[in-house]
file model15.pdb (PDB, C-alpha atoms)
ATOM      1  CA  MET D   1       0.000   0.000   0.000
ATOM      2  CA  THR D   2       1.702   3.189  -1.163
ATOM      3  CA  ALA D   3      -0.850   5.922  -0.426
ATOM      4  CA  ALA D   4      -0.956   7.496   3.011
ATOM      5  CA  SER D   5      -4.620   8.501   2.704
ATOM      6  CA  ILE D   6      -7.225   6.596   0.722
ATOM      7  CA  LEU D   7     -10.879   7.496   0.163
ATOM      8  CA  ILE D   8     -13.129   4.588  -0.848
ATOM      9  CA  LEU D   9     -16.596   5.538  -2.054
ATOM     10  CA  GLY D  10     -19.460   3.430  -3.315
ATOM     11  CA  GLY D  11     -23.114   2.693  -2.911
ATOM     12  CA  VAL D  12     -24.625   0.595  -0.144
ATOM     13  CA  ARG D  13     -23.367  -3.000  -0.405
ATOM     14  CA  SER D  14     -20.913  -2.081  -3.168
ATOM     15  CA  GLY D  15     -17.940  -3.786  -1.491
ATOM     16  CA  LYS D  16     -16.219  -0.678  -0.146
ATOM     17  CA  SER D  17     -15.836  -1.930   3.454
ATOM     18  CA  ARG D  18     -14.524  -5.299   2.283
ATOM     19  CA  LEU D  19     -12.017  -3.525   0.029
ATOM     20  CA  ALA D  20     -10.865  -1.333   2.924
ATOM     21  CA  GLU D  21     -10.510  -4.379   5.154
ATOM     22  CA  ARG D  22      -8.540  -6.262   2.478
ATOM     23  CA  MET D  23      -6.226  -3.306   1.894
ATOM     24  CA  ALA D  24      -5.631  -2.952   5.638
ATOM     25  CA  SER D  25      -4.907  -6.690   6.009
ATOM     26  CA  ASP D  26      -2.594  -6.663   2.992
ATOM     27  CA  SER D  27      -0.642  -3.724   4.453
ATOM     28  CA  GLY D  28       0.941  -5.983   7.079
ATOM     29  CA  MET D  29       0.622  -3.163   9.607
ATOM     30  CA  PRO D  30      -1.301  -3.123  12.884
ATOM     31  CA  VAL D  31      -4.877  -1.998  12.168
ATOM     32  CA  THR D  32      -7.341   0.163  14.061
ATOM     33  CA  CYS D  33     -10.907   0.470  12.834
ATOM     34  CA  ILE D  34     -12.821   3.581  13.844
ATOM     35  CA  ALA D  35     -16.496   2.686  13.585
ATOM     36  CA  THR D  36     -18.939   5.588  13.425
ATOM     37  CA  ALA D  37     -22.271   3.744  13.383
ATOM     38  CA  THR D  38     -24.720   3.928  16.231
ATOM     39  CA  ALA D  39     -27.539   1.411  16.345
ATOM     40  CA  GLY D  40     -29.751   2.515  19.198
ATOM     41  CA  ASP D  41     -32.910   0.371  19.096
ATOM     42  CA  ASP D  42     -32.617  -0.292  15.347
ATOM     43  CA  ALA D  43     -32.390  -4.095  15.062
ATOM     44  CA  GLU D  44     -31.362  -4.017  11.391
ATOM     45  CA  MET D  45     -28.504  -1.586  12.136
ATOM     46  CA  GLN D  46     -27.450  -3.755  15.087
ATOM     47  CA  GLN D  47     -27.172  -6.684  12.649
ATOM     48  CA  ARG D  48     -25.104  -4.624  10.190
ATOM     49  CA  ILE D  49     -22.724  -3.592  12.964
ATOM     50  CA  ALA D  50     -22.430  -7.198  14.169
ATOM     51  CA  ARG D  51     -21.678  -8.361  10.615
ATOM     52  CA  HIS D  52     -18.871  -5.799  10.287
ATOM     53  CA  ARG D  53     -17.449  -6.706  13.706
ATOM     54  CA  SER D  54     -17.437 -10.428  12.894
ATOM     55  CA  ARG D  55     -15.407  -9.865   9.698
ATOM     56  CA  ARG D  56     -12.587  -8.036  11.456
ATOM     57  CA  PRO D  57      -9.583 -10.030  12.634
ATOM     58  CA  SER D  58      -9.307 -10.305  16.417
ATOM     59  CA  SER D  59      -5.902  -8.599  16.254
ATOM     60  CA  TRP D  60      -7.505  -5.372  15.029
ATOM     61  CA  HIS D  61      -8.351  -2.674  17.528
ATOM     62  CA  THR D  62     -11.842  -1.166  17.177
ATOM     63  CA  VAL D  63     -12.793   2.296  18.418
ATOM     64  CA  GLU D  64     -16.411   3.385  18.311
ATOM     65  CA  GLU D  65     -16.713   7.132  17.708
ATOM     66  CA  PRO D  66     -19.935   8.677  16.381
ATOM     67  CA  THR D  67     -18.873  12.364  16.175
ATOM     68  CA  GLN D  68     -15.324  13.300  17.272
ATOM     69  CA  LEU D  69     -13.560  11.734  14.295
ATOM     70  CA  ALA D  70     -10.580  14.083  13.875
ATOM     71  CA  CYS D  71      -9.759  13.765  17.569
ATOM     72  CA  ARG D  72      -9.788   9.942  17.389
ATOM     73  CA  LEU D  73      -7.656  10.008  14.242
ATOM     74  CA  ARG D  74      -5.029  12.148  15.972
ATOM     75  CA  GLU D  75      -5.014   9.613  18.819
ATOM     76  CA  HIS D  76      -4.792   6.452  16.708
ATOM     77  CA  CYS D  77      -2.929   7.313  13.486
ATOM     78  CA  ALA D  78       0.748   6.462  13.824
ATOM     79  CA  PRO D  79       3.698   5.636  11.575
ATOM     80  CA  GLN D  80       3.589   2.034  10.285
ATOM     81  CA  HIS D  81      -0.040   1.745  11.409
ATOM     82  CA  CYS D  82      -3.218   1.505   9.325
ATOM     83  CA  VAL D  83      -6.492   3.117  10.405
ATOM     84  CA  ILE D  84      -9.852   2.487   8.737
ATOM     85  CA  VAL D  85     -12.779   4.874   9.219
ATOM     86  CA  ASP D  86     -16.061   3.130   8.449
ATOM     87  CA  CYS D  87     -18.066   5.094   7.608
ATOM     88  CA  LEU D  88     -17.950   8.794   6.809
ATOM     89  CA  THR D  89     -21.611   9.083   5.848
ATOM     90  CA  LEU D  90     -22.814   7.522   9.103
ATOM     91  CA  TRP D  91     -20.532   9.979  10.915
ATOM     92  CA  LEU D  92     -22.082  12.792   8.857
ATOM     93  CA  THR D  93     -25.569  11.560   9.778
ATOM     94  CA  ASN D  94     -24.629  11.641  13.462
ATOM     95  CA  LEU D  95     -23.452  15.242  13.054
ATOM     96  CA  LEU D  96     -26.591  16.260  11.133
ATOM     97  CA  CYS D  97     -28.698  14.899  13.983
ATOM     98  CA  SER D  98     -26.726  16.873  16.571
ATOM     99  CA  THR D  99     -28.559  19.545  18.533
ATOM    100  CA  ASP D 100     -25.683  21.957  17.828
ATOM    101  CA  PRO D 101     -25.942  23.263  14.234
ATOM    102  CA  ALA D 102     -22.310  24.469  14.270
ATOM    103  CA  CYS D 103     -21.125  20.964  15.171
ATOM    104  CA  LEU D 104     -21.360  19.713  11.572
ATOM    105  CA  ARG D 105     -19.274  22.448   9.989
ATOM    106  CA  GLY D 106     -16.734  22.437  12.826
ATOM    107  CA  GLN D 107     -16.189  18.682  12.773
ATOM    108  CA  VAL D 108     -15.967  18.492   8.966
ATOM    109  CA  ASP D 109     -13.506  21.394   8.833
ATOM    110  CA  GLU D 110     -11.432  19.803  11.593
ATOM    111  CA  LEU D 111     -11.298  16.482   9.729
ATOM    112  CA  VAL D 112     -10.285  18.088   6.421
ATOM    113  CA  GLU D 113      -7.603  20.209   8.130
ATOM    114  CA  THR D 114      -6.272  17.295  10.193
ATOM    115  CA  LEU D 115      -6.047  14.804   7.329
ATOM    116  CA  PRO D 116      -2.732  15.962   5.744
ATOM    117  CA  ARG D 117      -0.941  15.916   9.111
ATOM    118  CA  LEU D 118      -1.824  12.350  10.079
ATOM    119  CA  PRO D 119       0.980   9.758  10.089
ATOM    120  CA  GLY D 120       0.603   6.205   8.816
ATOM    121  CA  THR D 121      -2.007   4.918   6.400
ATOM    122  CA  LEU D 122      -5.606   6.077   6.627
ATOM    123  CA  ILE D 123      -8.481   4.439   4.735
ATOM    124  CA  LEU D 124     -11.728   6.423   4.731
ATOM    125  CA  VAL D 125     -14.954   4.666   3.674
ATOM    126  CA  GLY D 126     -18.104   6.530   2.622
ATOM    127  CA  ASN D 127     -21.371   6.002   0.776
ATOM    128  CA  GLU D 128     -21.528   7.850  -2.522
ATOM    129  CA  THR D 129     -25.002   9.389  -2.440
ATOM    130  CA  GLY D 130     -24.783  11.590  -5.512
ATOM    131  CA  LEU D 131     -25.587   8.901  -8.063
ATOM    132  CA  GLY D 132     -29.317   8.626  -7.553
ATOM    133  CA  VAL D 133     -32.605  10.443  -7.305
ATOM    134  CA  VAL D 134     -32.712  13.699  -5.335
ATOM    135  CA  PRO D 135     -34.567  12.957  -2.074
ATOM    136  CA  LEU D 136     -37.906  14.632  -1.356
ATOM    137  CA  GLY D 137     -37.303  15.647   2.270
ATOM    138  CA  ALA D 138     -35.283  18.692   3.327
ATOM    139  CA  LEU D 139     -33.115  16.713   5.767
ATOM    140  CA  SER D 140     -32.377  14.056   3.131
ATOM    141  CA  ARG D 141     -31.444  16.713   0.563
ATOM    142  CA  ARG D 142     -29.209  18.429   3.108
ATOM    143  CA  PHE D 143     -27.526  15.093   3.873
ATOM    144  CA  VAL D 144     -26.866  14.387   0.172
ATOM    145  CA  ASP D 145     -25.480  17.909  -0.299
ATOM    146  CA  LYS D 146     -23.237  17.694   2.772
ATOM    147  CA  ALA D 147     -22.010  14.190   1.858
ATOM    148  CA  GLY D 148     -21.107  15.382  -1.632
ATOM    149  CA  GLU D 149     -19.261  18.406  -0.236
ATOM    150  CA  LEU D 150     -17.408  16.244   2.318
ATOM    151  CA  HIS D 151     -16.338  13.691  -0.286
ATOM    152  CA  GLN D 152     -15.130  16.397  -2.676
ATOM    153  CA  ARG D 153     -13.052  18.060   0.031
ATOM    154  CA  LEU D 154     -11.542  14.755   1.163
ATOM    155  CA  ALA D 155     -10.875  13.601  -2.408
ATOM    156  CA  GLN D 156      -8.754  16.712  -2.924
ATOM    157  CA  ARG D 157      -6.660  15.848   0.140
ATOM    158  CA  CYS D 158      -6.333  12.078  -0.288
ATOM    159  CA  GLU D 159      -3.554  10.526  -2.352
ATOM    160  CA  GLN D 160      -5.876   7.819  -3.633
ATOM    161  CA  VAL D 161      -9.628   7.765  -4.351
ATOM    162  CA  ILE D 162     -11.436   4.545  -5.267
ATOM    163  CA  LEU D 163     -15.031   4.001  -6.377
ATOM    164  CA  THR D 164     -16.519   0.548  -5.765
ATOM    165  CA  VAL D 165     -19.401  -0.876  -7.770
ATOM    166  CA  ALA D 166     -20.608  -4.484  -7.507
ATOM    167  CA  GLY D 167     -17.483  -5.415  -5.564
ATOM    168  CA  LEU D 168     -15.178  -4.007  -8.232
ATOM    169  CA  ALA D 169     -12.745  -1.198  -7.508
ATOM    170  CA  GLN D 170     -12.214   1.632  -9.982
ATOM    171  CA  VAL D 171      -9.303   3.917  -9.085
ATOM    172  CA  LEU D 172     -10.272   7.540  -9.702
ATOM    173  CA  LYS D 173      -7.076   9.091  -8.335
ATOM    174  CA  GLY D 174      -3.669   7.618  -7.502
ATOM    175  CA  ALA D 175      -2.176   4.165  -8.043
ATOM    176  CA  GLN D 176      -4.037   0.867  -8.451
ATOM    177  CA  PRO D 177      -4.593  -0.945  -5.096
TER     178      PRO D 177
END

call {"tool": "encode", "arguments": {"input": "model15.pdb", "output": "structure tokens"}}
result
Amino acid sequence: MTAASILILGGVRSGKSRLAERMASDSGMPVTCIATATAGDDAEMQQRIARHRSRRPSSWHTVEEPTQLACRLREHCAPQHCVIVDCLTLWLTNLLCSTDPACLRGQVDELVETLPRLPGTLILVGNETGLGVVPLGALSRRFVDKAGELHQRLAQRCEQVILTVAGLAQVLKGAQP
């Protein structure tokens, strides 16, 4: 793995998390996974989280962080270490649901500004939401807009950007994985 920061985008069930996990395993480095999902009482989300947990090797360290992503990255990114963030769009959803409207902009800005200074290898995973129908609800439209803005900003900063479709990786920026 040659890139220090990798952004993997794709639709739901496109294979992006599996690709991130494979790339992290293939790196030969110690791996930390920062999981941003929160399940609450949602049984289906609890199952998704359990499925992701069960796929990770027991040697990997998992940190659950729904909002303070840049802070956790500064704590866990290190030379000769690989960190996966899964997933950016769930993190964004958590921020959109925050009672503090300034929280979203502050956390996104902090992540974008922190990214170039992080040591080691960082793999960011996010759902590409800009490929479909524009949602009817105001919150859904705001989410799609903010996700698109976040992904564009991160793509500018990352050395490698990959789009996954049907389990296939298409490199948009940087070297082939």

call {"tool": "resolve_selection", "arguments": {"input": "model15.pdb", "expression": "the PyMOL selection byres ((chain D and resi 26-39) around 9)", "output": "number ranges by chain"}}
result
D: 1, 21-25, 40-49, 56, 59-67, 69, 72-73, 76-77, 80-91, 94, 121

call {"tool": "resolve_selection", "arguments": {"input": "model15.pdb", "expression": "the PyMOL selection byres ((chain D and resi 154-169) around 7)", "output": "PDB file with C-alpha atoms, in the frame of the given file"}}
result
ATOM      1  CA  ALA D   3      -0.850   5.922  -0.426  1.00  0.00           C
ATOM      2  CA  ALA D   4      -0.956   7.496   3.011  1.00  0.00           C
ATOM      3  CA  SER D   5      -4.620   8.501   2.704  1.00  0.00           C
ATOM      4  CA  ILE D   6      -7.225   6.596   0.722  1.00  0.00           C
ATOM      5  CA  LEU D   7     -10.879   7.496   0.163  1.00  0.00           C
ATOM      6  CA  ILE D   8     -13.129   4.588  -0.848  1.00  0.00           C
ATOM      7  CA  LEU D   9     -16.596   5.538  -2.054  1.00  0.00           C
ATOM      8  CA  GLY D  10     -19.460   3.430  -3.315  1.00  0.00           C
ATOM      9  CA  SER D  14     -20.913  -2.081  -3.168  1.00  0.00           C
ATOM     10  CA  GLY D  15     -17.940  -3.786  -1.491  1.00  0.00           C
ATOM     11  CA  LYS D  16     -16.219  -0.678  -0.146  1.00  0.00           C
ATOM     12  CA  VAL D 112     -10.285  18.088   6.421  1.00  0.00           C
ATOM     13  CA  PRO D 116      -2.732  15.962   5.744  1.00  0.00           C
ATOM     14  CA  LEU D 150     -17.408  16.244   2.318  1.00  0.00           C
ATOM     15  CA  HIS D 151     -16.338  13.691  -0.286  1.00  0.00           C
ATOM     16  CA  GLN D 152     -15.130  16.397  -2.676  1.00  0.00           C
ATOM     17  CA  ARG D 153     -13.052  18.060   0.031  1.00  0.00           C
ATOM     18  CA  GLN D 170     -12.214   1.632  -9.982  1.00  0.00           C
ATOM     19  CA  VAL D 171      -9.303   3.917  -9.085  1.00  0.00           C
ATOM     20  CA  LEU D 172     -10.272   7.540  -9.702  1.00  0.00           C
ATOM     21  CA  LYS D 173      -7.076   9.091  -8.335  1.00  0.00           C
ATOM     22  CA  GLY D 174      -3.669   7.618  -7.502  1.00  0.00           C
ATOM     23  CA  ALA D 175      -2.176   4.165  -8.043  1.00  0.00           C
TER      24      ALA D 175
END

call {"tool": "atom_distance", "arguments": {"input": "model15.pdb", "atom1": "CA of Glu75 (chain D)", "atom2": "CA of Ile123 (chain D)"}}
result
15.4 Å

call {"tool": "closest_residue", "arguments": {"input": "model15.pdb", "among": "D:Arg142, D:Ala78, D:Val133, D:Gln68", "to": "Asp109 (chain D)", "atoms": "all atoms listed in the file"}}
result
D:Gln68

call {"tool": "closest_residue", "arguments": {"input": "model15.pdb", "among": "D:Ser17, D:Ala147, D:Gly106, D:Gly11", "to": "Thr93 (chain D)", "atoms": "all atoms listed in the file"}}
result
D:Ala147

call {"tool": "atom_distance", "arguments": {"input": "model15.pdb", "atom1": "CA of Ala70 (chain D)", "atom2": "CA of Gln107 (chain D)"}}
result
7.3 Å

call {"tool": "atom_distance", "arguments": {"input": "model15.pdb", "atom1": "CA of Arg117 (chain D)", "atom2": "CA of Glu149 (chain D)"}}
result
20.7 Å

call {"tool": "resolve_selection", "arguments": {"input": "model15.pdb", "expression": "the PyMOL selection byres ((chain D and resi 144) around 10)", "output": "count of residues only"}}
result
20

call {"tool": "closest_residue", "arguments": {"input": "model15.pdb", "among": "D:Ser98, D:Gln176, D:Asn127, D:Thr114", "to": "Arg74 (chain D)", "atoms": "only C-alpha atoms"}}
result
D:Thr114

call {"tool": "build_atoms", "arguments": {"input": "model15.pdb", "residues": "region 1-23 of chain D", "atoms": "N, CA and C atoms", "output": "PDB file, in the coordinates of the input"}}
result
ATOM      1  N   MET D   1       0.858  -1.170   0.000  1.00  0.00           N
ATOM      2  CA  MET D   1       0.000   0.000   0.000  1.00  0.00           C
ATOM      3  C   MET D   1       0.901   1.229   0.000  1.00  0.00           C
ATOM      4  N   THR D   2       0.797   2.058  -1.039  1.00  0.00           N
ATOM      5  CA  THR D   2       1.702   3.189  -1.163  1.00  0.00           C
ATOM      6  C   THR D   2       1.091   4.502  -0.704  1.00  0.00           C
ATOM      7  N   ALA D   3      -0.220   4.650  -0.784  1.00  0.00           N
ATOM      8  CA  ALA D   3      -0.850   5.922  -0.426  1.00  0.00           C
ATOM      9  C   ALA D   3      -0.987   6.043   1.081  1.00  0.00           C
ATOM     10  N   ALA D   4      -0.800   7.246   1.586  1.00  0.00           N
ATOM     11  CA  ALA D   4      -0.956   7.496   3.011  1.00  0.00           C
ATOM     12  C   ALA D   4      -2.420   7.740   3.356  1.00  0.00           C
ATOM     13  N   SER D   5      -3.198   8.283   2.445  1.00  0.00           N
ATOM     14  CA  SER D   5      -4.620   8.501   2.704  1.00  0.00           C
ATOM     15  C   SER D   5      -5.423   8.055   1.493  1.00  0.00           C
ATOM     16  N   ILE D   6      -6.431   7.221   1.772  1.00  0.00           N
ATOM     17  CA  ILE D   6      -7.225   6.596   0.722  1.00  0.00           C
ATOM     18  C   ILE D   6      -8.694   6.846   1.030  1.00  0.00           C
ATOM     19  N   LEU D   7      -9.438   7.301   0.040  1.00  0.00           N
ATOM     20  CA  LEU D   7     -10.879   7.496   0.163  1.00  0.00           C
ATOM     21  C   LEU D   7     -11.560   6.459  -0.717  1.00  0.00           C
ATOM     22  N   ILE D   8     -12.381   5.610  -0.110  1.00  0.00           N
ATOM     23  CA  ILE D   8     -13.129   4.588  -0.848  1.00  0.00           C
ATOM     24  C   ILE D   8     -14.606   4.949  -0.783  1.00  0.00           C
ATOM     25  N   LEU D   9     -15.183   5.188  -1.952  1.00  0.00           N
ATOM     26  CA  LEU D   9     -16.596   5.538  -2.054  1.00  0.00           C
ATOM     27  C   LEU D   9     -17.340   4.464  -2.828  1.00  0.00           C
ATOM     28  N   GLY D  10     -18.618   4.365  -2.589  1.00  0.00           N
ATOM     29  CA  GLY D  10     -19.460   3.430  -3.315  1.00  0.00           C
ATOM     30  C   GLY D  10     -20.847   3.428  -2.723  1.00  0.00           C
ATOM     31  N   GLY D  11     -21.754   2.805  -3.413  1.00  0.00           N
ATOM     32  CA  GLY D  11     -23.114   2.693  -2.911  1.00  0.00           C
ATOM     33  C   GLY D  11     -23.204   1.680  -1.778  1.00  0.00           C
ATOM     34  N   VAL D  12     -24.386   1.571  -1.190  1.00  0.00           N
ATOM     35  CA  VAL D  12     -24.625   0.595  -0.144  1.00  0.00           C
ATOM     36  C   VAL D  12     -24.402  -0.798  -0.726  1.00  0.00           C
ATOM     37  N   ARG D  13     -23.670  -1.628  -0.006  1.00  0.00           N
ATOM     38  CA  ARG D  13     -23.367  -3.000  -0.405  1.00  0.00           C
ATOM     39  C   ARG D  13     -22.547  -3.094  -1.695  1.00  0.00           C
ATOM     40  N   SER D  14     -21.725  -2.083  -1.950  1.00  0.00           N
ATOM     41  CA  SER D  14     -20.913  -2.081  -3.168  1.00  0.00           C
ATOM     42  C   SER D  14     -19.580  -2.802  -2.997  1.00  0.00           C
ATOM     43  N   GLY D  15     -19.208  -3.112  -1.750  1.00  0.00           N
ATOM     44  CA  GLY D  15     -17.940  -3.786  -1.491  1.00  0.00           C
ATOM     45  C   GLY D  15     -16.871  -2.868  -0.929  1.00  0.00           C
ATOM     46  N   LYS D  16     -17.229  -1.640  -0.599  1.00  0.00           N
ATOM     47  CA  LYS D  16     -16.219  -0.678  -0.146  1.00  0.00           C
ATOM     48  C   LYS D  16     -15.599  -1.058   1.206  1.00  0.00           C
ATOM     49  N   SER D  17     -16.397  -1.533   2.153  1.00  0.00           N
ATOM     50  CA  SER D  17     -15.836  -1.930   3.454  1.00  0.00           C
ATOM     51  C   SER D  17     -14.932  -3.150   3.305  1.00  0.00           C
ATOM     52  N   ARG D  18     -15.360  -4.112   2.505  1.00  0.00           N
ATOM     53  CA  ARG D  18     -14.524  -5.299   2.283  1.00  0.00           C
ATOM     54  C   ARG D  18     -13.202  -4.922   1.615  1.00  0.00           C
ATOM     55  N   LEU D  19     -13.245  -3.984   0.673  1.00  0.00           N
ATOM     56  CA  LEU D  19     -12.017  -3.525   0.029  1.00  0.00           C
ATOM     57  C   LEU D  19     -11.103  -2.857   1.056  1.00  0.00           C
ATOM     58  N   ALA D  20     -11.664  -1.998   1.885  1.00  0.00           N
ATOM     59  CA  ALA D  20     -10.865  -1.333   2.924  1.00  0.00           C
ATOM     60  C   ALA D  20     -10.238  -2.359   3.859  1.00  0.00           C
ATOM     61  N   GLU D  21     -11.018  -3.340   4.262  1.00  0.00           N
ATOM     62  CA  GLU D  21     -10.510  -4.379   5.154  1.00  0.00           C
ATOM     63  C   GLU D  21      -9.399  -5.195   4.485  1.00  0.00           C
ATOM     64  N   ARG D  22      -9.575  -5.515   3.208  1.00  0.00           N
ATOM     65  CA  ARG D  22      -8.540  -6.262   2.478  1.00  0.00           C
ATOM     66  C   ARG D  22      -7.259  -5.444   2.370  1.00  0.00           C
ATOM     67  N   MET D  23      -7.406  -4.163   2.027  1.00  0.00           N
ATOM     68  CA  MET D  23      -6.226  -3.306   1.894  1.00  0.00           C
ATOM     69  C   MET D  23      -5.496  -3.176   3.229  1.00  0.00           C
TER      70      MET D  23
END
